[in-house]
Amino acid sequence: MTLREQMSDRVSLALRITILTTLAVAATIAALCLAVFLTVRSQLLAEVDDALGQRAEAAADNGLAAEAVLQGISPEALVAADIRIAVIWDGRAREVSMDDSLVEQLGRRELAVSTGEAEQSLRTVDIGGVDYRMVAVPGGEDRALVLAQSLEPTQATLKRLGVVFWIIGFAGVLLAGVAGWAVATTSLRPVRRLTDAAERIAATEQLTPIEVSGDDELARLTVAFNSMLEALSASLQRQRQLVADAGHELRTPLTSLRTNIELLSQADFQGGLSERTRGELLADIRAQIGELSTLVGDLVELARDEPLDRSPEPVDLAQVVDDAVQRVRRRGQGVTIDVQSTPWLVVGDAQLLERAVLNLLDNAVKWSPPLGTVHVRLADGVLSVADEGPGISNEDLPHVFERFYRSHEARTLPGSGLGLAIVEQTAQRHGGQVRAGRAATGGALFTLRLPGAPAADRQPVR
Ligand SMILES: Nc1ncnc2c1ncn2[C@@H]1O[C@H](COP(=O)(O)OP(=O)(O)OP(=O)(O)O)[C@@H](O)[C@H]1O
Ligand SMILES: [Mg+2]
């Protein structure tokens with residue numbers, strides 16, 4: 001399953017952003033409309049109440065309305081066509097229009113006003129399916145005047161307002177959705193570009209960097225992605241180079257090995273080869289195979305491009321130096337090795353470290369004059385190896401740590417030019433460094449610096 005298929009299984013990020021913005025806008029619009037609607041409604045109802053109350057007070061003051069009701073005059077005559085009027089007196093009630101639908105709604109509260117127990121009553125009643133606001137005010141001795149006004153116009157206004165709000169709400173939500181979608185897709189476009197690029201790289205294994213635009217978070221992500229690609233391609237390049245170099249270096253010993261073997265078999269075939277020449281040829285072949293094995297071992301060591309992985313442990317560098325010196329002495333090449341070391345704890349790989357020290361000692365012995373002395377010193381994490389040989393020329397100095405690099409003079413001696421490359425790689429893996437220079441004795445001087453702690457502390461630091 002590709003990344004794209006996995007993505008499409010879930011709701012896309014753009015859609016999620018759109019839904020979220022739309023919901024937020026919808027909630028805001030709904031809250032706003034509700035607040036405005038409720039305010040307007042209470043305002044309109046308060047106005048109706050005020051107006052009705054004032055009219056009732058005025059009518060009660062001049063007493064005309066009550067008289068008119070009692071005498072059966074129609075409300076039109078009272079210039080009050082929009083309201084219904086009724087009168088309560090001595091516990092009886094009468095309405096102007098005579099259909100008594102208002103009278104039917106009168107209750108205890110209005111009666112209480114007529115008897116003087118209450119000052120005013122105001123409530124909403126339902127007359128023939130229409131809401132009316134009904135007010136009762138005292139209208140003289142044991143009398144109450146009741147006015148009722150239809151709420152129909154107010155309610156119609158509110159209904160229209162509601163419709164307008166619904167339209168505004170829908171339009172707002174729609175607009176928010178469209179805007180959210182537009183913002184989400186445009187802001188996610190760089191992410192999509194990055195994804196496409198990553199997928200392209202995965203498919204084609206072509207580590208070309210991605211174009212960076214702008215300087216926002218996504219641009220930073222792209223830059224980080226590019227530097228990752230760079231590191232990857234550098235590592236790939238190093239591996240390729242190593243394989244190419246190795247192929248080239250292996251060819252020479254393999255060719256001479258083959259020549260020797262062919263010589264042997266031809267001689268066997270023709271039957272004429274002295275025992276001595278034969279022995280020499282075989283010794284040659286054995287030596288070449290030995291050299292090849294070392295070369296392959298070195299190559300494998302160098303090919304390990306990754307950081308230290310074999311669980312690192314505290315290693316006493318002085319012990320490592322001692323072991324390496326013993327091994328070199330055992331080979332007994334007539335060179336004296338003078339060692340002075342103080343313990344130094346390094347967190348790392350003992351095997352790798354010994355190999356590096358051994359490479360330095362091997363070189364020193366190889367280049368030492370017969371009966372020369374190699375001085376080995378270890379103090380405060382700095383190991384120096386000095387010999388009395390010819391030293392390294394200024395042209396060679398910058399190159400000696402390169403893989404397969406050998407000076408002109410070295411070409412006649414055994415070796416492949418990998419020894420110092422391994423020393424440098426080991427130093428770097430342990431967070432240290434190695435330098436080549438000239439010794440006071442005239443020969444070469446190599447200093448290997450490794451971070452660590454004096455063994456007395458027993459607290460190694462990396
Ligand atoms: N002590 C030394 N004195 C003089 N030249 C040296 C010394 N050590 C190293 N060199 C120079 O540096 C080159 C690289 O050394 P390096 O150890 O990498 O390779 P090598 O000794 O030729 O082969 P290998 O170590 O792989 O068997 C050598 O060929 C030599 O020219
Ligand atoms: Mg060497």
# chains A, B, ... in the order shown; residues from 1 in each chain; ligands from 1
$ residues_near_ligand --ligand "ligand 2" --cutoff "10 Å" --atoms "only C-alpha atoms and all ligand atoms" --output "PyMOL selection string"
chain A and resi 356+358-367+400+406+410+414-423
$ write_last_selection --atoms "N, CA and C atoms" --output "CSV table (one decimal), in the first residue's frame"
chain,number,residue,atom,x,y,z
A,356,ALA,N,43.8,0.4,15.4
A,356,ALA,CA,44.3,1.7,15.0
A,356,ALA,C,45.7,1.9,15.5
A,358,LEU,N,47.8,-0.4,16.3
A,358,LEU,CA,48.6,-1.3,15.6
A,358,LEU,C,49.1,-0.8,14.3
A,359,ASN,N,48.1,-0.1,13.6
A,359,ASN,CA,48.5,0.4,12.3
A,359,ASN,C,49.5,1.5,12.4
A,360,LEU,N,49.4,2.3,13.5
A,360,LEU,CA,50.4,3.4,13.7
A,360,LEU,C,51.8,2.8,14.0
A,361,LEU,N,51.8,1.7,14.8
A,361,LEU,CA,53.1,1.1,15.2
A,361,LEU,C,53.7,0.4,14.0
A,362,ASP,N,52.8,-0.3,13.2
A,362,ASP,CA,53.3,-1.0,12.0
A,362,ASP,C,54.0,-0.1,11.1
A,363,ASN,N,53.4,1.1,10.9
A,363,ASN,CA,54.0,2.1,10.0
A,363,ASN,C,55.4,2.5,10.5
A,364,ALA,N,55.4,2.8,11.9
A,364,ALA,CA,56.6,3.3,12.5
A,364,ALA,C,57.7,2.3,12.3
A,365,VAL,N,57.4,1.0,12.6
A,365,VAL,CA,58.4,0.0,12.5
A,365,VAL,C,58.8,-0.2,11.1
A,366,LYS,N,57.8,-0.1,10.2
A,366,LYS,CA,58.1,-0.3,8.7
A,366,LYS,C,59.1,0.7,8.2
A,367,TRP,N,59.0,1.9,8.7
A,367,TRP,CA,59.8,3.0,8.2
A,367,TRP,C,61.1,3.3,9.1
A,400,VAL,N,48.2,11.5,3.6
A,400,VAL,CA,48.5,10.2,4.1
A,400,VAL,C,47.3,9.5,4.7
A,406,ARG,N,49.6,6.1,-1.0
A,406,ARG,CA,50.9,5.7,-0.6
A,406,ARG,C,51.9,6.6,-1.3
A,410,ALA,N,56.9,4.4,-0.8
A,410,ALA,CA,56.2,3.3,-0.1
A,410,ALA,C,55.7,2.2,-1.1
A,414,PRO,N,55.5,-3.5,1.3
A,414,PRO,CA,54.2,-4.1,1.4
A,414,PRO,C,53.2,-3.1,2.0
A,415,GLY,N,51.9,-3.3,1.6
A,415,GLY,CA,50.9,-2.4,2.2
A,415,GLY,C,50.0,-1.9,1.1
A,416,SER,N,48.8,-1.5,1.5
A,416,SER,CA,47.8,-1.1,0.5
A,416,SER,C,47.4,0.4,0.7
A,417,GLY,N,47.9,1.1,1.7
A,417,GLY,CA,47.5,2.5,1.9
A,417,GLY,C,46.2,2.7,2.6
A,418,LEU,N,45.7,1.6,3.3
A,418,LEU,CA,44.4,1.7,4.1
A,418,LEU,C,44.7,1.9,5.6
A,419,GLY,N,45.9,1.6,6.0
A,419,GLY,CA,46.1,1.7,7.5
A,419,GLY,C,45.8,3.0,8.1
A,420,LEU,N,46.3,4.1,7.6
A,420,LEU,CA,46.0,5.4,8.2
A,420,LEU,C,44.5,5.8,8.1
A,421,ALA,N,43.9,5.4,6.9
A,421,ALA,CA,42.5,5.7,6.7
A,421,ALA,C,41.7,5.1,7.9
A,422,ILE,N,42.0,3.8,8.2
A,422,ILE,CA,41.3,3.2,9.3
A,422,ILE,C,41.6,3.9,10.6
A,423,VAL,N,42.8,4.4,10.9
A,423,VAL,CA,43.1,5.1,12.1
A,423,VAL,C,42.2,6.3,12.2
$ residues_around --residues "A:Thr255" --least-positions-apart "4" --cutoff "12 Å" --atoms "only C-alpha atoms" --output "list in words"
His248, Glu249, Leu250, Arg251, Thr259, Asn260, Ile261, Glu262, Ile285, Gln288, Ile289 and Leu292 of chain A
$ closest_residue --among "A:Ala318, A:Arg238, A:Glu280, A:Asp268" --to "A:Ala303" --atoms "only C-alpha atoms"
A:Arg238
$ select_by_dssp --residues "stretch 91-302 of chain A" --states "strand (DSSP E or B)" --output "list in words"
Arg92, Ala93, Arg94, Glu95, Ser121, Leu122, Arg123, Thr124, Val125, Asp126, Ile127, Val130, Asp131, Tyr132, Arg133, Met134, Val135, Ala136, Val137, Pro138, Arg143, Ala144, Leu145, Val146, Leu147, Ala148, Gln149 and Ser150 of chain A
$ closest_residue --among "A:Thr208, A:Thr115, A:Gln120, A:Thr154" --to "A:Gly140" --atoms "only C-alpha atoms"
A:Thr115
$ residues_around --residues "A:Glu119" --least-positions-apart "4" --cutoff "12 Å" --atoms "only C-alpha atoms" --output "PyMOL selection string"
chain A and resi 57+109-115+135-139+143-145
